[in-house]
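Dumped upload-v9.cif below, it's mmCIF, C-alpha atoms and all ligand atoms:
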```cif
data_work
loop_
_atom_site.label_atom_id
_atom_site.label_comp_id
_atom_site.auth_asym_id
_atom_site.auth_seq_id
_atom_site.Cartn_x
_atom_site.Cartn_y
_atom_site.Cartn_z
CA MET Y 20 -13.05 17.25 -12.54
CA ALA Y 21 -12.27 15.66 -9.18
CA ALA Y 22 -11.51 18.08 -6.35
CA THR Y 23 -11.32 18.33 -2.58
CA TYR Y 24 -14.64 18.81 -0.76
CA VAL Y 25 -15.36 19.13 2.94
CA ASN Y 26 -18.37 18.69 5.16
CA VAL Y 27 -18.08 20.75 8.37
CA ASN Y 28 -20.88 20.01 10.81
CA GLY Y 29 -23.26 19.21 7.99
CA VAL Y 30 -22.22 22.10 5.71
CA LEU Y 31 -20.72 20.96 2.42
CA THR Y 32 -18.25 23.25 0.64
CA ASP Y 33 -15.20 23.13 -1.57
CA ALA Y 34 -11.79 23.16 0.13
CA ALA Y 35 -11.34 26.94 0.00
CA HIS Y 36 -14.62 27.60 1.83
CA ALA Y 37 -14.30 24.95 4.54
CA THR Y 38 -13.81 26.73 7.86
CA ILE Y 39 -13.98 25.94 11.54
CA SER Y 40 -13.82 28.20 14.58
CA VAL Y 41 -10.46 28.95 16.20
CA PHE Y 42 -12.31 28.20 19.46
CA ASP Y 43 -12.79 24.59 18.42
CA HIS Y 44 -10.90 22.51 20.98
CA GLY Y 45 -9.59 20.36 18.17
CA PHE Y 46 -7.63 23.40 17.04
CA LEU Y 47 -6.89 24.87 20.48
CA PHE Y 48 -5.89 21.69 22.30
CA GLY Y 49 -5.70 18.92 19.69
CA GLU Y 50 -8.67 17.33 21.45
CA GLY Y 51 -10.22 15.01 18.94
CA VAL Y 52 -9.94 11.74 17.06
CA TYR Y 53 -9.98 10.82 13.38
CA GLU Y 54 -10.04 8.07 10.80
CA VAL Y 55 -8.59 7.77 7.33
CA CYS Y 56 -10.17 5.34 4.93
CA ARG Y 57 -10.06 5.00 1.19
CA THR Y 58 -12.25 3.60 -1.53
CA TYR Y 59 -11.69 0.79 -4.00
CA ASN Y 60 -14.16 0.59 -6.88
CA GLY Y 61 -15.55 3.83 -5.45
CA GLU Y 62 -16.69 2.07 -2.26
CA PRO Y 63 -15.22 2.79 1.20
CA PHE Y 64 -13.11 -0.22 2.21
CA LEU Y 65 -13.43 -1.72 5.71
CA PHE Y 66 -15.60 1.25 6.70
CA ASP Y 67 -17.23 -0.66 9.59
CA ARG Y 68 -13.83 -1.37 11.12
CA HIS Y 69 -12.85 2.29 10.84
CA MET Y 70 -16.08 3.34 12.55
CA GLN Y 71 -15.52 0.82 15.32
CA ARG Y 72 -12.01 2.18 15.92
CA MET Y 73 -13.25 5.77 15.87
CA ARG Y 74 -15.79 4.94 18.56
CA ALA Y 75 -13.05 3.24 20.59
CA SER Y 76 -10.74 6.26 20.18
CA ALA Y 77 -13.56 8.64 21.18
CA ALA Y 78 -14.38 6.54 24.25
CA MET Y 79 -10.74 6.74 25.38
CA ILE Y 80 -11.06 10.53 25.58
CA ALA Y 81 -14.66 10.48 26.85
CA LEU Y 82 -15.93 12.12 23.67
CA ASP Y 83 -19.50 11.53 22.52
CA VAL Y 84 -19.92 10.38 18.92
CA PRO Y 85 -22.87 12.39 17.62
CA CYS Y 86 -23.59 10.38 14.44
CA SER Y 87 -24.49 6.80 13.58
CA ASP Y 88 -22.15 4.86 11.28
CA ASP Y 89 -24.79 5.22 8.56
CA GLU Y 90 -24.76 8.99 8.97
CA PHE Y 91 -20.93 9.10 8.72
CA LEU Y 92 -21.17 6.97 5.58
CA ARG Y 93 -23.91 9.19 4.15
CA ARG Y 94 -21.79 12.31 4.72
CA ALA Y 95 -18.72 10.62 3.24
CA LYS Y 96 -20.65 9.59 0.11
CA GLU Y 97 -22.35 12.98 -0.26
CA THR Y 98 -18.94 14.69 0.01
CA MET Y 99 -17.47 12.23 -2.51
CA ALA Y 100 -20.29 12.98 -4.95
CA ALA Y 101 -19.70 16.74 -4.62
CA ALA Y 102 -15.98 16.14 -5.18
CA GLY Y 103 -16.66 14.18 -8.37
CA LEU Y 104 -15.29 11.00 -6.79
CA GLY Y 105 -16.57 7.45 -6.54
CA ARG Y 106 -18.36 5.50 -9.21
CA GLN Y 107 -19.23 7.82 -12.10
CA PRO Y 108 -22.42 7.62 -14.19
CA ASP Y 109 -20.37 6.34 -17.16
CA GLY Y 110 -19.15 3.40 -15.04
CA SER Y 111 -15.64 4.73 -14.52
CA VAL Y 112 -14.24 5.01 -10.98
CA ARG Y 113 -12.27 7.74 -9.26
CA ASP Y 114 -11.15 6.53 -5.87
CA ALA Y 115 -11.26 8.78 -2.81
CA TYR Y 116 -9.29 9.47 0.34
CA VAL Y 117 -11.75 10.08 3.18
CA ARG Y 118 -10.68 11.65 6.48
CA ILE Y 119 -13.29 11.88 9.22
CA LEU Y 120 -12.50 14.08 12.23
CA LEU Y 121 -14.39 14.40 15.46
CA THR Y 122 -13.40 17.07 17.97
CA ARG Y 123 -14.51 18.19 21.43
CA GLY Y 124 -16.26 21.14 19.78
CA ILE Y 125 -16.36 24.91 20.18
CA GLY Y 126 -16.15 26.59 23.57
CA GLU Y 127 -14.34 28.73 26.11
CA LEU Y 128 -10.61 28.35 26.75
CA THR Y 129 -10.93 25.73 29.43
CA TYR Y 130 -10.32 21.98 29.61
CA ASP Y 131 -13.72 21.55 31.26
CA PRO Y 132 -15.77 19.49 28.78
CA ALA Y 133 -18.90 21.26 30.02
CA ALA Y 134 -17.76 24.22 27.87
CA THR Y 135 -18.07 22.16 24.68
CA PRO Y 136 -21.40 20.33 24.67
CA VAL Y 137 -21.51 19.81 20.87
CA PRO Y 138 -18.70 17.85 19.16
CA SER Y 139 -17.57 19.00 15.72
CA VAL Y 140 -17.66 16.56 12.81
CA VAL Y 141 -15.54 17.20 9.72
CA VAL Y 142 -15.32 15.00 6.63
CA ILE Y 143 -12.51 15.77 4.18
CA VAL Y 144 -12.64 14.01 0.82
CA LYS Y 145 -10.01 14.26 -1.88
CA PRO Y 146 -8.82 12.16 -4.79
CA ASN Y 147 -6.93 9.12 -3.55
CA VAL Y 148 -3.26 9.40 -4.42
CA GLN Y 149 -1.53 6.04 -4.51
CA VAL Y 150 2.00 5.86 -3.17
CA PRO Y 151 4.34 5.77 -6.18
CA ALA Y 152 4.27 2.34 -7.85
CA SER Y 153 8.07 2.27 -7.52
CA GLN Y 154 7.68 2.05 -3.71
CA HIS Y 155 5.62 -1.12 -4.03
CA ALA Y 156 7.93 -2.52 -6.71
CA ASN Y 157 11.32 -1.64 -5.24
CA GLY Y 158 10.67 -1.03 -1.56
CA VAL Y 159 11.59 1.94 0.61
CA PRO Y 160 14.22 3.00 3.16
CA ILE Y 161 13.11 3.74 6.72
CA MET Y 162 15.01 5.26 9.64
CA PHE Y 163 15.03 4.68 13.38
CA VAL Y 164 14.20 7.95 15.13
CA ASP Y 165 15.31 8.91 18.62
CA ILE Y 166 11.92 10.39 19.51
CA VAL Y 167 10.16 7.85 21.73
CA ARG Y 168 6.57 6.79 20.87
CA ASN Y 169 4.06 8.18 23.34
CA HIS Y 170 3.91 6.23 26.59
CA PRO Y 171 0.60 4.29 26.67
CA GLN Y 172 -0.27 6.04 29.93
CA SER Y 173 0.28 9.53 28.54
CA VAL Y 174 -1.45 9.94 25.15
CA SER Y 175 -1.98 6.30 24.28
CA PRO Y 176 -1.00 5.43 20.70
CA LEU Y 177 -4.21 3.34 20.68
CA ILE Y 178 -6.12 6.62 20.40
CA LYS Y 179 -6.15 7.73 16.78
CA SER Y 180 -5.79 11.27 18.03
CA ASN Y 181 -5.83 14.53 16.10
CA ASN Y 182 -2.93 15.47 18.34
CA LEU Y 183 -0.17 14.16 16.06
CA LEU Y 184 2.87 16.00 17.38
CA ASN Y 185 4.67 12.82 18.39
CA ASN Y 186 4.06 11.37 14.90
CA ALA Y 187 4.98 14.57 13.05
CA LEU Y 188 8.26 15.00 14.94
CA GLY Y 189 9.20 11.37 14.29
CA MET Y 190 8.36 11.58 10.59
CA GLN Y 191 10.20 14.88 10.17
CA GLN Y 192 13.36 13.41 11.68
CA ALA Y 193 13.15 10.43 9.31
CA LEU Y 194 12.48 12.61 6.25
CA LYS Y 195 15.49 14.79 7.05
CA ARG Y 196 17.65 11.67 6.95
CA GLY Y 197 16.20 10.33 3.68
CA GLY Y 198 13.71 7.81 5.09
CA VAL Y 199 10.11 7.54 3.92
CA GLU Y 200 9.10 6.48 7.42
CA GLY Y 201 10.44 6.80 10.94
CA VAL Y 202 10.57 3.76 13.23
CA PHE Y 203 9.64 4.53 16.83
CA ARG Y 204 10.81 2.61 19.85
CA ASN Y 205 8.62 2.65 22.94
CA TYR Y 206 9.73 3.77 26.41
CA ARG Y 207 11.16 0.28 27.01
CA GLY Y 208 13.30 0.52 23.87
CA GLU Y 209 11.24 -2.02 21.91
CA ILE Y 210 10.05 -1.32 18.38
CA SER Y 211 6.47 -0.04 18.40
CA GLU Y 212 5.43 1.28 14.99
CA CYS Y 213 6.19 3.94 12.40
CA ALA Y 214 4.99 7.54 12.34
CA GLN Y 215 2.11 6.82 9.95
CA SER Y 216 2.08 3.07 9.55
CA ASN Y 217 2.53 -0.24 11.35
CA LEU Y 218 5.70 -2.29 10.91
CA PHE Y 219 6.05 -6.00 10.18
CA ILE Y 220 9.06 -8.26 9.74
CA VAL Y 221 9.31 -11.74 8.25
CA SER Y 222 11.89 -14.08 9.75
CA GLY Y 223 12.19 -17.81 9.12
CA GLY Y 224 8.87 -17.66 7.22
CA VAL Y 225 7.02 -16.21 10.25
CA VAL Y 226 5.15 -12.91 9.80
CA ARG Y 227 5.79 -10.89 12.95
CA THR Y 228 4.65 -7.52 14.29
CA PRO Y 229 4.74 -5.88 17.71
CA GLY Y 230 1.68 -6.51 19.92
CA LEU Y 231 -0.63 -3.70 20.98
CA GLU Y 232 1.02 -3.67 24.42
CA ALA Y 233 4.13 -2.21 22.75
CA GLY Y 234 2.10 1.02 22.44
CA LEU Y 235 0.90 1.45 18.89
CA LEU Y 236 -2.16 2.15 16.80
CA ALA Y 237 -4.31 -0.93 16.22
CA GLY Y 238 -4.03 -0.51 12.44
CA ILE Y 239 -6.97 -1.69 10.39
CA THR Y 240 -4.53 -2.80 7.69
CA ARG Y 241 -2.33 -4.50 10.33
CA ALA Y 242 -5.28 -6.63 11.52
CA PHE Y 243 -6.37 -7.39 7.96
CA VAL Y 244 -2.83 -8.42 6.99
CA LEU Y 245 -2.59 -10.75 10.02
CA GLU Y 246 -5.84 -12.36 8.85
CA ILE Y 247 -4.80 -12.81 5.22
CA ALA Y 248 -1.33 -14.04 6.22
CA ALA Y 249 -2.98 -16.77 8.28
CA GLU Y 250 -5.37 -17.58 5.42
CA LEU Y 251 -2.41 -17.93 3.06
CA GLY Y 252 -0.89 -20.42 5.51
CA TYR Y 253 1.89 -18.30 7.00
CA ARG Y 254 2.58 -18.44 10.71
CA THR Y 255 1.90 -15.07 12.32
CA GLU Y 256 3.11 -13.79 15.65
CA GLU Y 257 2.63 -10.64 17.72
CA ALA Y 258 5.92 -10.35 19.54
CA VAL Y 259 8.36 -8.02 21.28
CA LEU Y 260 10.68 -6.83 18.51
CA ARG Y 261 13.99 -5.05 19.02
CA ASP Y 262 16.43 -3.30 16.70
CA ALA Y 263 18.32 -6.52 16.02
CA ASP Y 264 15.13 -8.29 14.89
CA LEU Y 265 14.54 -5.65 12.23
CA PHE Y 266 18.19 -5.50 11.12
CA GLY Y 267 18.32 -9.30 10.95
CA ALA Y 268 14.92 -9.84 9.29
CA ASP Y 269 14.55 -11.67 5.96
CA GLU Y 270 11.87 -9.17 4.92
CA ALA Y 271 10.12 -6.14 6.39
CA PHE Y 272 7.11 -4.08 5.35
CA LEU Y 273 4.85 -1.19 6.35
CA THR Y 274 1.07 -1.29 6.45
CA SER Y 275 -1.49 1.50 6.34
CA THR Y 276 -4.78 2.35 4.69
CA THR Y 277 -3.09 4.67 2.22
CA LYS Y 278 0.12 2.68 1.68
CA GLU Y 279 -1.48 -0.80 1.65
CA ILE Y 280 1.69 -2.94 2.07
CA VAL Y 281 5.03 -1.31 1.22
CA PRO Y 282 8.22 -3.38 1.31
CA VAL Y 283 11.09 -2.03 3.44
CA VAL Y 284 14.49 -2.66 1.88
CA ARG Y 285 16.78 -0.51 4.05
CA VAL Y 286 16.85 0.47 7.70
CA ASP Y 287 19.22 3.32 8.47
CA ASP Y 288 22.28 2.47 6.35
CA ARG Y 289 21.74 -1.31 6.24
CA PRO Y 290 19.87 -3.51 3.74
CA VAL Y 291 17.02 -5.70 4.98
CA GLY Y 292 17.38 -9.29 3.77
CA THR Y 293 18.50 -9.27 0.15
CA GLY Y 294 17.83 -5.53 -0.16
CA ARG Y 295 14.90 -6.31 -2.48
CA PRO Y 296 11.18 -6.76 -1.67
CA GLY Y 297 10.70 -10.24 -0.25
CA PRO Y 298 8.43 -12.99 -1.63
CA ILE Y 299 6.11 -13.17 1.39
CA THR Y 300 5.67 -9.38 1.37
CA GLN Y 301 4.79 -9.53 -2.33
CA ALA Y 302 2.35 -12.40 -1.82
CA LEU Y 303 0.62 -10.49 0.98
CA LEU Y 304 0.35 -7.32 -1.14
CA ALA Y 305 -1.16 -9.23 -4.06
CA GLU Y 306 -3.70 -10.92 -1.79
CA TYR Y 307 -4.50 -7.65 0.00
CA ARG Y 308 -5.30 -5.97 -3.29
CA ARG Y 309 -7.27 -8.95 -4.56
CA LYS Y 310 -9.44 -8.88 -1.43
CA ALA Y 311 -9.87 -5.10 -1.47
CA GLU Y 312 -11.06 -5.28 -5.07
CA ALA Y 313 -13.31 -8.28 -4.45
CA MET Y 314 -14.90 -6.87 -1.31
CA THR Y 315 -15.81 -3.58 -3.04
CA ALA Y 316 -16.64 -4.93 -6.51
CA ALA Y 317 -20.38 -5.05 -5.85
CA PRO Y 318 -22.44 -4.51 -2.71
CA HIS Y 319 -21.87 -7.36 -0.27
CA ALA Y 320 -19.55 -9.21 -2.65
CA PRO Y 321 -17.82 -12.15 -0.96
CA ALA Y 322 -14.05 -11.85 -0.51
N1 LIG O 401 -2.36 6.57 9.48
N2 LIG O 401 0.14 3.83 12.95
C1 LIG O 401 -0.03 5.16 12.85
C2 LIG O 401 0.65 6.03 13.84
C3 LIG O 401 -0.84 5.70 11.84
O1 LIG O 401 -1.02 7.02 11.75
C4 LIG O 401 -1.46 4.81 10.90
C5 LIG O 401 -2.33 5.28 9.79
C6 LIG O 401 -1.25 3.44 11.05
C7 LIG O 401 -1.91 2.45 10.13
O2 LIG O 401 -3.28 2.34 10.42
P1 LIG O 401 -4.36 1.88 9.35
O3 LIG O 401 -3.89 0.59 8.80
O4 LIG O 401 -5.60 1.73 10.15
O5 LIG O 401 -4.46 2.95 8.30
C8 LIG O 401 -0.45 2.98 12.09
C9 LIG O 401 -3.30 7.15 8.56
C10 LIG O 401 -3.35 6.48 7.24
C11 LIG O 401 -2.99 8.62 8.49
O6 LIG O 401 -2.88 9.21 9.55
O7 LIG O 401 -2.88 9.16 7.41
#
```
Would you give me this structure, written as structure tokens?
Ligand code: PDD
Amino acid sequence: MAATYVNVNGVLTDAAHATISVFDHGFLFGEGVYEVCRTYNGEPFLFDRHMQRMRASAAMIALDVPCSDDEFLRRAKETMAAAGLGRQPDGSVRDAYVRILLTRGIGELTYDPAATPVPSVVVIVKPNVQVPASQHANGVPIMFVDIVRNHPQSVSPLIKSNNLLNNALGMQQALKRGGVEGVFRNYRGEISECAQSNLFIVSGGVVRTPGLEAGLLAGITRAFVLEIAAELGYRTEEAVLRDADLFGADEAFLTSTTKEIVPVVRVDDRPVGTGRPGPITQALLAEYRRKAEAMTAAPHAPA
């Protein structure tokens, strides 16, 4: 049976026995970074890109990364095996959600990094739970929230930080109002991203998303979608987007590792486009899945 397993600083246990010190600065101060990736065909998808972003996040908070990419992958696969996930001996596949966390480590109650010479590394693996198929088929409602996305010069949204208070507060406001995601504006009032995903619109056949300078996470799925959109022959554009652009869009969609591409059919109380998932969104989702399957079908399979 598949289960949740965790590797804490090299120690592999089931979920109930996974523990970390209350003096870990990840817990005390939210000082740390993380990645979420998932498997297709039992193989981590775009793992190299996730590792690259984790190293970039860590560098932005001057945090040493104590493992090589190969070691992170080894721990992820070992934890998957313990959890009964991945490719099974009988050839069947149980896909995994893999969350890798890196924190400042354990030490005295001070912000001085000298107190925490050894970073903590945690790998959480659980069965991948797809978003309900109805969300991909019928689209979802999202809500503007009045919480402003972190200013890039405070806690930059480019850091995939364990400190997720800004995200949690935004998402909770959206959930309360019946949205599956909350749309943040930045301090200039432009659209930045959602609480747990990036946001795209399609207008006049052009696939558009806010640029990184709007203050948002450089989503791995966002970059991959921009690439496949271009390959499929759509014009793509990173642009300043405002409320009216979203309300007036022909199509809109969310991207994230766990959601893949989810059509947005309502914003606040208004339909987007026809109020049904749009054709370009659907074409991008089909191509995304085709590539994810192809790239994980066998080691080093071409896309
Ligand atoms: N979140 N923006 C934010 C704020 C996010 O938290 C995420 C992903 C994304 C999409 O990034 P990517 O395509 O690299 O998954 C954008 C992950 C899935 C999470 O925290 O669960």
Inset, instruction - Return as a list of chain:residue names every polymer residue, whether protein, DNA or RNA, with at least one atom no more than 7 Å from an atom of ligand LIG 401 (chain O); count all atoms listed in the file. - result: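 Going residue by residue within 7 Å of ligand LIG 401 (chain O), we get Y:Val55, Y:Asn186, Y:Glu212, Y:Cys213, Y:Ala214, Y:Gln215, Y:Ser216, Y:Asn217, Y:Leu235, Y:Leu236, Y:Ala237, Y:Gly238, Y:Ile239, Y:Thr240, Y:Arg241, Y:Thr274, Y:Ser275, Y:Thr276, Y:Thr277.
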Deliver the residues from the most recent selection as a file, using C-alpha atoms, as a PDB file, in the frame of the given file.
```
ATOM      1  CA  VAL Y  55      -8.590   7.770   7.330  1.00  0.00           C
ATOM      2  CA  ASN Y 186       4.060  11.370  14.900  1.00  0.00           C
ATOM      3  CA  GLU Y 212       5.430   1.280  14.990  1.00  0.00           C
ATOM      4  CA  CYS Y 213       6.190   3.940  12.400  1.00  0.00           C
ATOM      5  CA  ALA Y 214       4.990   7.540  12.340  1.00  0.00           C
ATOM      6  CA  GLN Y 215       2.110   6.820   9.950  1.00  0.00           C
ATOM      7  CA  SER Y 216       2.080   3.070   9.550  1.00  0.00           C
ATOM      8  CA  ASN Y 217       2.530  -0.240  11.350  1.00  0.00           C
ATOM      9  CA  LEU Y 235       0.900   1.450  18.890  1.00  0.00           C
ATOM     10  CA  LEU Y 236      -2.160   2.150  16.800  1.00  0.00           C
ATOM     11  CA  ALA Y 237      -4.310  -0.930  16.220  1.00  0.00           C
ATOM     12  CA  GLY Y 238      -4.030  -0.510  12.440  1.00  0.00           C
ATOM     13  CA  ILE Y 239      -6.970  -1.690  10.390  1.00  0.00           C
ATOM     14  CA  THR Y 240      -4.530  -2.800   7.690  1.00  0.00           C
ATOM     15  CA  ARG Y 241      -2.330  -4.500  10.330  1.00  0.00           C
ATOM     16  CA  THR Y 274       1.070  -1.290   6.450  1.00  0.00           C
ATOM     17  CA  SER Y 275      -1.490   1.500   6.340  1.00  0.00           C
ATOM     18  CA  THR Y 276      -4.780   2.350   4.690  1.00  0.00           C
ATOM     19  CA  THR Y 277      -3.090   4.670   2.220  1.00  0.00           C
TER      20      THR Y 277
END
```
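Around Ile299 (chain Y), within 9 Å and counting only C-alpha atoms, the residues found are Val221, Gly224, Val226, Ala248, Tyr253, Glu270, Pro296, Gly297, Gln301, Ala302, Leu303 and Leu304 of chain Y, once anything fewer than 2 positions away on its own chain is removed.
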Legend entry - Contacts of Asn60 (chain Y) at 7 Å (only C-alpha atoms; same-chain gap of 3+ positions) as a ChimeraX atom specification: /Y:106,112,114,312,315-316
Inset, instruction - In Å, rounded to a single decimal, give me how far CA of Lys310 (chain Y) is from CA of Arg94 (chain Y). - result: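 That distance, rounded to one decimal, is 25.3 Å.
Rounded to one decimal, CA of Gly198 (chain Y) and CA of Leu184 (chain Y) lie 18.3 Å from each other.
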Inset, instruction - Give me, please, the distance in Å between CA of Arg57 (chain Y) and CA of Ala115 (chain Y), quoted to one decimal. - result: 5.6 Å
Inset, instruction - Would you please work out which residue, of Y:Ser173, Y:Ser87, Y:Ser180, Y:Gln107, is nearest to Glu62 (chain Y) when using only C-alpha atoms? - result: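 Of the candidates, the smallest distance to Glu62 (chain Y) is held by Y:Gln107.
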Legend entry - Contacts of Pro290 (chain Y) within 12 Å, all atoms listed in the file, excl. fewer than 3 positions in-chain, as a list in words: Gly158, Val159, Pro160, Ile161, Met162, Leu265, Phe266, Gly267, Ala268, Asp269, Glu270, Ala271, Pro282, Val283, Val284, Arg285, Val286, Asp287, Thr293, Gly294, Arg295 and Pro296 of chain Y
Inset, instruction - Determine the nearest neighbour of Val291 (chain Y) from the options Y:Ile220, Y:Gly105, Y:Ile178, Y:Val225, counting all atoms listed in the file. - result: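 Closest candidate: Y:Ile220.
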Considering only C-alpha atoms, give me a table of residues in region 59-127 of chain Y that are at most 12 Å from region 28-36 of chain Y, with the closest atom pair and distance in Å for each, as a Markdown table.
```
| residue | atom | partner | partner_atom | distance |
| --- | --- | --- | --- | --- |
| Y:Pro85 | CA | Y:Asn28 | CA | 10.4 |
| Y:Cys86 | CA | Y:Asn28 | CA | 10.6 |
| Y:Glu90 | CA | Y:Gly29 | CA | 10.4 |
| Y:Phe91 | CA | Y:Gly29 | CA | 10.4 |
| Y:Arg93 | CA | Y:Gly29 | CA | 10.8 |
| Y:Arg94 | CA | Y:Gly29 | CA | 7.8 |
| Y:Ala95 | CA | Y:Leu31 | CA | 10.6 |
| Y:Lys96 | CA | Y:Leu31 | CA | 11.6 |
| Y:Glu97 | CA | Y:Leu31 | CA | 8.6 |
| Y:Thr98 | CA | Y:Leu31 | CA | 6.9 |
| Y:Met99 | CA | Y:Leu31 | CA | 10.5 |
| Y:Ala100 | CA | Y:Leu31 | CA | 10.9 |
| Y:Ala101 | CA | Y:Leu31 | CA | 8.3 |
| Y:Ala102 | CA | Y:Asp33 | CA | 7.9 |
| Y:Gly103 | CA | Y:Asp33 | CA | 11.3 |
| Y:Ile119 | CA | Y:Asn28 | CA | 11.2 |
| Y:Leu120 | CA | Y:Asn28 | CA | 10.4 |
| Y:Leu121 | CA | Y:Asn28 | CA | 9.8 |
| Y:Thr122 | CA | Y:Asn28 | CA | 10.8 |
| Y:Gly124 | CA | Y:Asn28 | CA | 10.2 |
| Y:Ile125 | CA | Y:Asn28 | CA | 11.5 |
```
Inset, instruction - Might you pull out every residue within 12 Å of Ser40 (chain Y), with all atoms listed in the file counted and same-chain residues fewer than 2 positions away left off, and present them as a ChimeraX atom specification? - result: /Y:27-28,37-38,42-47,122,124-127,139
Kindly export the residues of the current selection with C-alpha atoms, as a PDB file, in the coordinates of the input.
```pdb
ATOM      1  CA  VAL Y  27     -18.080  20.750   8.370  1.00  0.00           C
ATOM      2  CA  ASN Y  28     -20.880  20.010  10.810  1.00  0.00           C
ATOM      3  CA  ALA Y  37     -14.300  24.950   4.540  1.00  0.00           C
ATOM      4  CA  THR Y  38     -13.810  26.730   7.860  1.00  0.00           C
ATOM      5  CA  PHE Y  42     -12.310  28.200  19.460  1.00  0.00           C
ATOM      6  CA  ASP Y  43     -12.790  24.590  18.420  1.00  0.00           C
ATOM      7  CA  HIS Y  44     -10.900  22.510  20.980  1.00  0.00           C
ATOM      8  CA  GLY Y  45      -9.590  20.360  18.170  1.00  0.00           C
ATOM      9  CA  PHE Y  46      -7.630  23.400  17.040  1.00  0.00           C
ATOM     10  CA  LEU Y  47      -6.890  24.870  20.480  1.00  0.00           C
ATOM     11  CA  THR Y 122     -13.400  17.070  17.970  1.00  0.00           C
ATOM     12  CA  GLY Y 124     -16.260  21.140  19.780  1.00  0.00           C
ATOM     13  CA  ILE Y 125     -16.360  24.910  20.180  1.00  0.00           C
ATOM     14  CA  GLY Y 126     -16.150  26.590  23.570  1.00  0.00           C
ATOM     15  CA  GLU Y 127     -14.340  28.730  26.110  1.00  0.00           C
ATOM     16  CA  SER Y 139     -17.570  19.000  15.720  1.00  0.00           C
TER      17      SER Y 139
END
```
Build an axis-aligned box that encloses every atom of region 106-123 of chain Y listed in the file, pad it by 6 Å on each side, and report its centre and edge lengths in Å to one decimal, as JSON.
```
{"center_x": -15.9, "center_y": 10.8, "center_z": 2.1, "size_x": 25.1, "size_y": 26.8, "size_z": 50.6}
```
Inset, instruction - Tell me which of Y:Leu273, Y:Val137, Y:Lys195, Y:Arg227 sits closest to Glu256 (chain Y), counting only C-alpha atoms. - result: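 Closest candidate: Y:Arg227.
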